[in-house]
Structures are given as C-alpha cells and as structure tokens.
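Raw entry.pdb, PDB, C-alpha atoms, pLDDT in the B column:
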ATOM      1  CA  MET F 102      28.972 -20.477  47.489  1.00 51.00           C
ATOM      2  CA  THR F 103      25.773 -21.317  45.561  1.00 51.00           C
ATOM      3  CA  ARG F 104      25.249 -24.408  47.730  1.00 50.00           C
ATOM      4  CA  ALA F 105      25.583 -22.308  50.873  1.00 45.00           C
ATOM      5  CA  VAL F 106      22.974 -19.798  49.643  1.00 39.00           C
ATOM      6  CA  CYS F 107      20.622 -22.628  48.640  1.00 41.00           C
ATOM      7  CA  GLY F 108      21.144 -24.314  52.000  1.00 44.00           C
ATOM      8  CA  ILE F 109      20.397 -21.095  53.881  1.00 46.00           C
ATOM      9  CA  ALA F 110      17.284 -20.468  51.766  1.00 45.00           C
ATOM     10  CA  PHE F 111      16.063 -24.032  52.365  1.00 44.00           C
ATOM     11  CA  GLY F 112      16.709 -23.676  56.112  1.00 45.00           C
ATOM     12  CA  LEU F 113      14.705 -20.456  56.226  1.00 45.00           C
ATOM     13  CA  PHE F 114      11.869 -22.165  54.331  1.00 43.00           C
ATOM     14  CA  LEU F 115      11.805 -25.042  56.828  1.00 42.00           C
ATOM     15  CA  PHE F 116      11.884 -22.601  59.759  1.00 49.00           C
ATOM     16  CA  ALA F 117       8.986 -20.577  58.309  1.00 47.00           C
ATOM     17  CA  THR F 118       6.979 -23.726  57.605  1.00 40.00           C
ATOM     18  CA  ALA F 119       7.526 -25.009  61.149  1.00 45.00           C
ATOM     19  CA  ALA F 120       6.520 -21.640  62.625  1.00 46.00           C
ATOM     20  CA  GLN F 121       3.320 -21.607  60.587  1.00 48.00           C
ATOM     21  CA  ALA F 122       2.415 -25.113  61.751  1.00 42.00           C
ATOM     22  CA  GLU F 123       2.305 -23.864  65.363  1.00 84.00           C
ATOM     23  CA  ARG F 124      -0.604 -21.480  64.652  1.00 94.00           C
ATOM     24  CA  VAL F 125      -4.145 -22.300  65.736  1.00 95.00           C
ATOM     25  CA  SER F 126      -7.382 -20.705  64.585  1.00 93.00           C
ATOM     26  CA  ILE F 127     -10.047 -20.593  67.287  1.00 92.00           C
ATOM     27  CA  GLY F 128     -13.367 -20.323  65.424  1.00 89.00           C
ATOM     28  CA  PHE F 129     -15.767 -21.053  68.297  1.00 88.00           C
ATOM     29  CA  GLU F 130     -16.953 -24.150  66.498  1.00 82.00           C
ATOM     30  CA  GLY F 131     -19.091 -26.723  68.202  1.00 77.00           C
ATOM     31  CA  PRO F 132     -21.888 -24.935  70.005  1.00 74.00           C
ATOM     32  CA  GLY F 133     -25.127 -24.332  68.160  1.00 80.00           C
ATOM     33  CA  GLU F 134     -27.033 -21.100  67.711  1.00 83.00           C
ATOM     34  CA  GLY F 135     -27.952 -19.290  70.942  1.00 86.00           C
ATOM     35  CA  LEU F 136     -26.439 -18.727  74.347  1.00 90.00           C
ATOM     36  CA  ALA F 137     -22.800 -19.872  74.404  1.00 91.00           C
ATOM     37  CA  PRO F 138     -21.808 -22.657  76.784  1.00 91.00           C
ATOM     38  CA  ALA F 139     -20.001 -21.544  79.937  1.00 94.00           C
ATOM     39  CA  GLU F 140     -16.961 -23.518  78.775  1.00 95.00           C
ATOM     40  CA  MET F 141     -15.814 -25.308  75.653  1.00 93.00           C
ATOM     41  CA  LEU F 142     -12.620 -26.862  74.288  1.00 94.00           C
ATOM     42  CA  GLU F 143     -11.155 -26.169  70.870  1.00 93.00           C
ATOM     43  CA  ASP F 144      -7.752 -27.210  69.491  1.00 92.00           C
ATOM     44  CA  GLY F 145      -6.322 -27.809  72.980  1.00 93.00           C
ATOM     45  CA  TYR F 146      -7.507 -24.460  74.371  1.00 96.00           C
ATOM     46  CA  ARG F 147     -10.163 -23.938  77.035  1.00 96.00           C
ATOM     47  CA  ILE F 148     -12.617 -21.136  76.266  1.00 95.00           C
ATOM     48  CA  GLY F 149     -14.752 -19.799  79.093  1.00 95.00           C
ATOM     49  CA  MET F 150     -17.652 -17.572  78.007  1.00 95.00           C
ATOM     50  CA  GLN F 151     -19.935 -15.298  80.009  1.00 95.00           C
ATOM     51  CA  GLY F 152     -22.594 -13.037  78.508  1.00 93.00           C
ATOM     52  CA  ILE F 153     -21.831 -14.423  75.030  1.00 92.00           C
ATOM     53  CA  THR F 154     -24.100 -15.719  72.284  1.00 89.00           C
ATOM     54  CA  VAL F 155     -23.224 -17.831  69.237  1.00 89.00           C
ATOM     55  CA  SER F 156     -24.442 -17.091  65.726  1.00 83.00           C
ATOM     56  CA  THR F 157     -24.193 -19.648  62.947  1.00 75.00           C
ATOM     57  CA  ALA F 158     -23.757 -18.947  59.244  1.00 65.00           C
ATOM     58  CA  ALA F 159     -27.536 -19.113  58.786  1.00 58.00           C
ATOM     59  CA  ARG F 160     -27.895 -16.000  60.922  1.00 52.00           C
ATOM     60  CA  SER F 161     -24.527 -14.255  60.679  1.00 51.00           C
ATOM     61  CA  GLY F 162     -23.708 -14.234  56.987  1.00 49.00           C
ATOM     62  CA  ASP F 163     -22.400 -16.527  54.322  1.00 45.00           C
ATOM     63  CA  GLY F 164     -19.988 -18.439  56.555  1.00 45.00           C
ATOM     64  CA  THR F 165     -16.910 -17.576  54.483  1.00 47.00           C
ATOM     65  CA  ASP F 166     -14.980 -16.711  57.655  1.00 50.00           C
ATOM     66  CA  GLY F 167     -16.107 -19.843  59.442  1.00 57.00           C
ATOM     67  CA  PRO F 168     -19.414 -21.394  60.367  1.00 66.00           C
ATOM     68  CA  THR F 169     -19.828 -19.532  63.663  1.00 82.00           C
ATOM     69  CA  GLU F 170     -19.108 -16.243  65.381  1.00 87.00           C
ATOM     70  CA  ILE F 171     -19.601 -14.972  68.908  1.00 88.00           C
ATOM     71  CA  GLU F 172     -20.906 -11.695  70.237  1.00 87.00           C
ATOM     72  CA  SER F 173     -21.870 -10.194  73.570  1.00 86.00           C
ATOM     73  CA  LEU F 174     -25.469 -10.312  74.641  1.00 88.00           C
ATOM     74  CA  MET F 175     -27.183  -6.997  73.899  1.00 84.00           C
ATOM     75  CA  GLY F 176     -26.234  -4.299  76.398  1.00 80.00           C
ATOM     76  CA  VAL F 177     -23.638  -6.520  78.128  1.00 82.00           C
ATOM     77  CA  ARG F 178     -19.859  -6.500  77.774  1.00 85.00           C
ATOM     78  CA  GLY F 179     -19.482 -10.271  77.538  1.00 91.00           C
ATOM     79  CA  VAL F 180     -16.142 -12.002  77.903  1.00 95.00           C
ATOM     80  CA  ALA F 181     -14.453 -14.932  76.207  1.00 95.00           C
ATOM     81  CA  GLU F 182     -11.438 -16.134  78.185  1.00 97.00           C
ATOM     82  CA  ILE F 183      -8.957 -18.411  76.430  1.00 97.00           C
ATOM     83  CA  THR F 184      -6.429 -20.500  78.375  1.00 97.00           C
ATOM     84  CA  ARG F 185      -4.155 -23.443  77.735  1.00 94.00           C
ATOM     85  CA  PRO F 186      -2.862 -24.836  81.037  1.00 86.00           C
ATOM     86  CA  GLY F 187       0.862 -25.494  81.208  1.00 88.00           C
ATOM     87  CA  ARG F 188       1.658 -24.203  77.720  1.00 94.00           C
ATOM     88  CA  PRO F 189       2.057 -20.465  77.109  1.00 96.00           C
ATOM     89  CA  PHE F 190       0.832 -19.011  73.829  1.00 97.00           C
ATOM     90  CA  VAL F 191       0.964 -15.768  71.847  1.00 98.00           C
ATOM     91  CA  PHE F 192      -1.985 -13.725  70.580  1.00 98.00           C
ATOM     92  CA  VAL F 193      -1.507 -13.075  66.839  1.00 98.00           C
ATOM     93  CA  SER F 194      -4.770 -11.579  65.538  1.00 97.00           C
ATOM     94  CA  LEU F 195      -8.555 -11.626  65.545  1.00 95.00           C
ATOM     95  CA  ASP F 196     -11.248 -11.240  62.905  1.00 92.00           C
ATOM     96  CA  TRP F 197     -13.939  -8.737  63.821  1.00 87.00           C
ATOM     97  CA  GLN F 198     -16.959  -7.550  61.915  1.00 84.00           C
ATOM     98  CA  SER F 199     -19.525  -4.822  62.388  1.00 81.00           C
ATOM     99  CA  GLU F 200     -23.257  -5.190  62.285  1.00 72.00           C
ATOM    100  CA  SER F 201     -23.807  -1.492  63.034  1.00 75.00           C
ATOM    101  CA  GLY F 202     -22.125   1.553  64.541  1.00 77.00           C
ATOM    102  CA  THR F 203     -18.449   1.545  65.462  1.00 81.00           C
ATOM    103  CA  PRO F 204     -18.066  -1.394  67.844  1.00 83.00           C
ATOM    104  CA  ASP F 205     -14.852  -2.027  69.705  1.00 86.00           C
ATOM    105  CA  VAL F 206     -13.257  -5.109  71.167  1.00 91.00           C
ATOM    106  CA  ILE F 207     -10.822  -5.125  74.089  1.00 94.00           C
ATOM    107  CA  VAL F 208      -8.186  -7.862  74.344  1.00 97.00           C
ATOM    108  CA  GLU F 209      -6.209  -8.361  77.563  1.00 97.00           C
ATOM    109  CA  GLY F 210      -3.272 -10.736  77.883  1.00 98.00           C
ATOM    110  CA  TYR F 211      -2.116 -12.173  81.205  1.00 97.00           C
ATOM    111  CA  SER F 212       0.816 -14.161  82.517  1.00 95.00           C
ATOM    112  CA  GLY F 213      -0.349 -15.535  85.835  1.00 93.00           C
ATOM    113  CA  GLU F 214      -2.162 -12.640  87.501  1.00 95.00           C
ATOM    114  CA  LEU F 215       0.027 -10.013  85.776  1.00 97.00           C
ATOM    115  CA  LEU F 216      -1.627  -7.986  83.007  1.00 97.00           C
ATOM    116  CA  VAL F 217       0.976  -8.136  80.221  1.00 97.00           C
ATOM    117  CA  GLY F 218      -0.835  -5.779  77.852  1.00 97.00           C
ATOM    118  CA  ARG F 219      -4.134  -4.533  76.533  1.00 97.00           C
ATOM    119  CA  GLU F 220      -5.328  -4.004  72.975  1.00 97.00           C
ATOM    120  CA  HIS F 221      -8.283  -1.776  72.095  1.00 95.00           C
ATOM    121  CA  PHE F 222      -9.490  -2.302  68.548  1.00 91.00           C
ATOM    122  CA  VAL F 223     -12.209  -0.093  67.050  1.00 87.00           C
ATOM    123  CA  LEU F 224     -13.834  -0.936  63.765  1.00 79.00           C
ATOM    124  CA  PRO F 225     -13.880   2.028  61.375  1.00 72.00           C
ATOM    125  CA  GLY F 226     -17.272   3.694  60.928  1.00 67.00           C
ATOM    126  CA  ARG F 227     -17.702   2.161  57.484  1.00 67.00           C
ATOM    127  CA  GLY F 228     -18.403  -1.209  59.092  1.00 68.00           C
ATOM    128  CA  GLY F 229     -17.622  -4.535  57.515  1.00 77.00           C
ATOM    129  CA  PHE F 230     -14.919  -7.079  58.286  1.00 83.00           C
ATOM    130  CA  VAL F 231     -11.403  -6.387  59.647  1.00 88.00           C
ATOM    131  CA  THR F 232      -8.492  -8.488  60.856  1.00 92.00           C
ATOM    132  CA  PHE F 233      -6.799  -6.784  63.804  1.00 93.00           C
ATOM    133  CA  VAL F 234      -3.176  -7.788  64.381  1.00 96.00           C
ATOM    134  CA  ALA F 235      -1.602  -7.805  67.849  1.00 97.00           C
ATOM    135  CA  ASP F 236       0.406  -4.713  68.718  1.00 97.00           C
ATOM    136  CA  ALA F 237       0.831  -4.271  72.489  1.00 96.00           C
ATOM    137  CA  LEU F 238       0.607  -8.063  72.934  1.00 97.00           C
ATOM    138  CA  ALA F 239       2.723  -9.018  69.908  1.00 96.00           C
ATOM    139  CA  GLY F 240       5.219 -11.745  70.821  1.00 95.00           C
ATOM    140  CA  GLN F 241       4.211 -11.788  74.507  1.00 96.00           C
ATOM    141  CA  GLY F 242       3.953 -15.200  76.169  1.00 96.00           C
ATOM    142  CA  LEU F 243       0.517 -15.534  77.774  1.00 97.00           C
ATOM    143  CA  ASP F 244      -1.424 -18.109  79.739  1.00 95.00           C
ATOM    144  CA  ARG F 245      -4.762 -16.264  79.611  1.00 97.00           C
ATOM    145  CA  LEU F 246      -6.389 -14.070  76.974  1.00 98.00           C
ATOM    146  CA  ARG F 247      -9.576 -12.126  77.769  1.00 97.00           C
ATOM    147  CA  ILE F 248     -11.650 -10.833  74.839  1.00 95.00           C
ATOM    148  CA  LEU F 249     -14.433  -8.339  75.528  1.00 92.00           C
ATOM    149  CA  PRO F 250     -16.583  -7.565  72.467  1.00 88.00           C
ATOM    150  CA  GLN F 251     -18.974  -4.585  72.413  1.00 83.00           C
ATOM    151  CA  ARG F 252     -22.676  -4.907  71.632  1.00 79.00           C
ATOM    152  CA  ASP F 253     -24.790  -1.919  72.583  1.00 76.00           C
ATOM    153  CA  ARG F 254     -26.277   1.271  71.116  1.00 76.00           C
ATOM    154  CA  GLY F 255     -22.760   2.476  70.254  1.00 75.00           C
ATOM    155  CA  GLY F 256     -22.057  -0.504  68.046  1.00 74.00           C
ATOM    156  CA  MET F 257     -22.636  -4.173  67.466  1.00 79.00           C
ATOM    157  CA  GLY F 258     -19.754  -6.387  66.506  1.00 82.00           C
ATOM    158  CA  ALA F 259     -19.053 -10.083  66.152  1.00 85.00           C
ATOM    159  CA  LEU F 260     -15.859 -12.078  66.637  1.00 87.00           C
ATOM    160  CA  ASP F 261     -15.222 -14.649  63.899  1.00 87.00           C
ATOM    161  CA  ARG F 262     -11.894 -16.136  64.922  1.00 91.00           C
ATOM    162  CA  VAL F 263      -8.773 -15.677  67.038  1.00 95.00           C
ATOM    163  CA  ILE F 264      -5.317 -16.712  65.827  1.00 96.00           C
ATOM    164  CA  LEU F 265      -2.873 -17.970  68.469  1.00 97.00           C
ATOM    165  CA  GLU F 266       0.526 -19.608  68.295  1.00 97.00           C
ATOM    166  CA  ASP F 267       2.897 -21.343  70.668  1.00 95.00           C
ATOM    167  CA  ALA F 268       5.066 -19.005  72.717  1.00 94.00           C
ATOM    168  CA  PRO F 269       8.740 -19.205  71.798  1.00 88.00           C
ATOM    169  CA  GLU F 270      10.699 -21.360  74.185  1.00 78.00           C
ATOM    170  CA  ALA F 271      12.882 -19.447  76.592  1.00 59.00           C
ATOM    171  CA  GLY F 272      16.541 -19.514  75.683  1.00 50.00           C
ATOM    172  CA  GLU F 273      18.875 -21.429  77.914  1.00 44.00           C
ATOM    173  CA  THR F 274      21.140 -19.527  80.266  1.00 46.00           C
ATOM    174  CA  SER F 275      24.496 -20.586  81.598  1.00 44.00           C
TER
END
Please render this file's structure as structure tokens.
Amino acid sequence: MTRAVCGIAFGLFLFATAAQAERVSIGFEGPGEGLAPAEMLEDGYRIGMQGITVSTAARSGDGTDGPTEIESLMGVRGVAEITRPGRPFVFVSLDWQSESGTPDVIVEGYSGELLVGREHFVLPGRGGFVTFVADALAGQGLDRLRILPQRDRGGMGALDRVILEDAPEAGETS
C-alpha cells in the first residue's frame, strides 16, 4: 500500500513538473526604448503591436519584473496581439502596474474569428503592481490574444509580462 501511495505521489509530481515546463513568460524583450516594432518574435510567439511604446528598466523602474514593459501611447488604446500559428495556447495571467490613476487593461481571446472570452482588469486605486489571473479565459484554447492597455487621463498603466501555456490536447473520441 505504501508503494502505491508513493508511486501516485511521484506520478503527480512528474505531471505537475511537466505542466509547469509548458509555461512561457512573454516579457517583450528585445526592442529598445521607444516606439515598439510592428512585429516581434519571442519564445515561439508572434507579437504584433500598434500604438505601443517600450520602456526599459532605466525608465520604468528597477527591472525586478523584467528589463522591459510595454504601454499604449498617450491618449491611444494601443494593442498587442499575440499569436502562435498552428499551436493553440492558454492565457494564464499578466503583470500590470500603475503609474497613475486607475488604469485598466482589456484582454480578448480568440479561436479563429470567434471571440472566446474577454477579461477586463482594473488596477485598484492604490496603484502599484498586480498579477491578474485569467478568469473568463481560464483553460480556453486560443490562437490569438489581444491585449489593450489604457494610458490616458483616467490612468496610466504598463504591462510587464504575459504568462501563456500550451493548450491541453483534445481527448480522442471513438
């Protein structure tokens, strides 16, 4: 009986370790300070950016959450669109911080042209740094993720990283 319990515990450990290995942290690393490139690649994902600027640790803080962050241009609802052709993924979380006000960030997940779900995260008025975990999009297989950060008189926020993982493989049917 003890061997069976140990075997089950070891199996669960291996399963958890394998699941963790599938996670990717998109930190918008590569471009320098200033206007973001229209497109970049990171960890096998394509990131298209419109109306987005990049801040490095020299301008955005101490760099403890990564060397770079992205934010919309002032007065524009910029968009970062993440795709990975041929391999669905799941949105897990994002790290968001406030410079001022109560900025929000909208996250939309798509499968093909179908909107699977939408998240609307609002940073509490106290400001600072928050990790928002997927709710409406939790566990949903996606092929496109649109992130729309706010930067206007109502609030200025910056996106430090996005955590994604492989979508579970569909079970076989008979």
Practice item. Could you check how far atom CA of F:Glu200 sits from atom CA of F:Leu174, in Å to one decimal? Key: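 Going from atom CA of F:Glu200 over to atom CA of F:Leu174 covers 13.6 Å.
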Point to revise | atom CA of F:Gly256 to atom CA of F:Leu224, distance in Å rounded to a single decimal | key: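 Distance between the two atoms: 9.3 Å.
Every protein, DNA or RNA residue with an atom at most 10 Å from F:Phe230, where all atoms listed in the file count and chain neighbours fewer than 2 positions away do not, is listed here: Asp166, Asp196, Trp197, Gln198, Ser199, Glu200, Leu224, Pro225, Arg227, Gly228, Thr232, Phe233, Gly258, Ala259, Leu260 and Asp261 of chain F.
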Point to revise | Which of F:Glu214, F:Glu220, F:Glu134, F:Asp253 sits closest to F:Gly176 [using all atoms listed in the file] | key: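 Among the listed residues, the smallest separation from F:Gly176 belongs to F:Asp253.
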Review point. Do you know which residues the PyMOL selection byres ((chain F and resi 219) around 6) returns on this file, as a ChimeraX atom specification?
Key: /F:208-209,218,220
Check your understanding: Can you tell me, as a PyMOL selection string, what residues are no more than 10 Å from F:Ala139 when counting all atoms listed in the file, ignoring any on the same chain fewer than 3 positions away?
Key -> chain F and resi 136+148-153+181
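Counting from atom CA of F:Gly202, the distance to atom CA of F:Leu265 is 27.7 Å.
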Practice item. Could you please give me, as a list in words, the residues of protein, DNA or RNA lying at most 7 Å from (-7.6, -20.2, 62.2) in the coordinate frame of the file, considering only C-alpha atoms? Key: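 The residues near that point, listed by chain and number, are Val125, Ser126, Ile127, Gly128, Arg262, Val263 and Ile264 of chain F.
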Practice item. Apply the PyMOL selection byres ((chain F and resi 186) around 9) to the structure shown and report the selected residues as a PyMOL selection string. Key: chain F and resi 146-147+184-185+187-189+244-245
Review point. Quick one: of F:Gly240, F:Phe190, F:Asp267, F:Ile171, who's nearest to F:Pro138, counting all atoms listed in the file?
Key: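 Among F:Gly240, F:Phe190, F:Asp267, F:Ile171, it is F:Ile171 that comes nearest to F:Pro138.
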Review point. Which one is closest to F:Ser201: F:Gly145, F:Gly213, F:Gly179, F:Gly229? Count only C-alpha atoms.
Key: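 Of F:Gly145, F:Gly213, F:Gly179, F:Gly229, the one nearest F:Ser201 is F:Gly229, counting only C-alpha atoms.
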Exercise for review: Decode the PyMOL selection byres ((chain F and resi 242) around 9) for the given file into explicit residues and return them as a PyMOL selection string.
Suggested key: chain F and resi 189-192+210-212+217+238-241+243-244+267-269
Check your understanding: Of the candidates F:Gly135, F:Gly255, F:Val180, F:Arg247, which shows the shortest atom-to-atom distance to F:Leu216, using only C-alpha atoms?
Key ->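 Result for the nearest residue to F:Leu216: F:Arg247.
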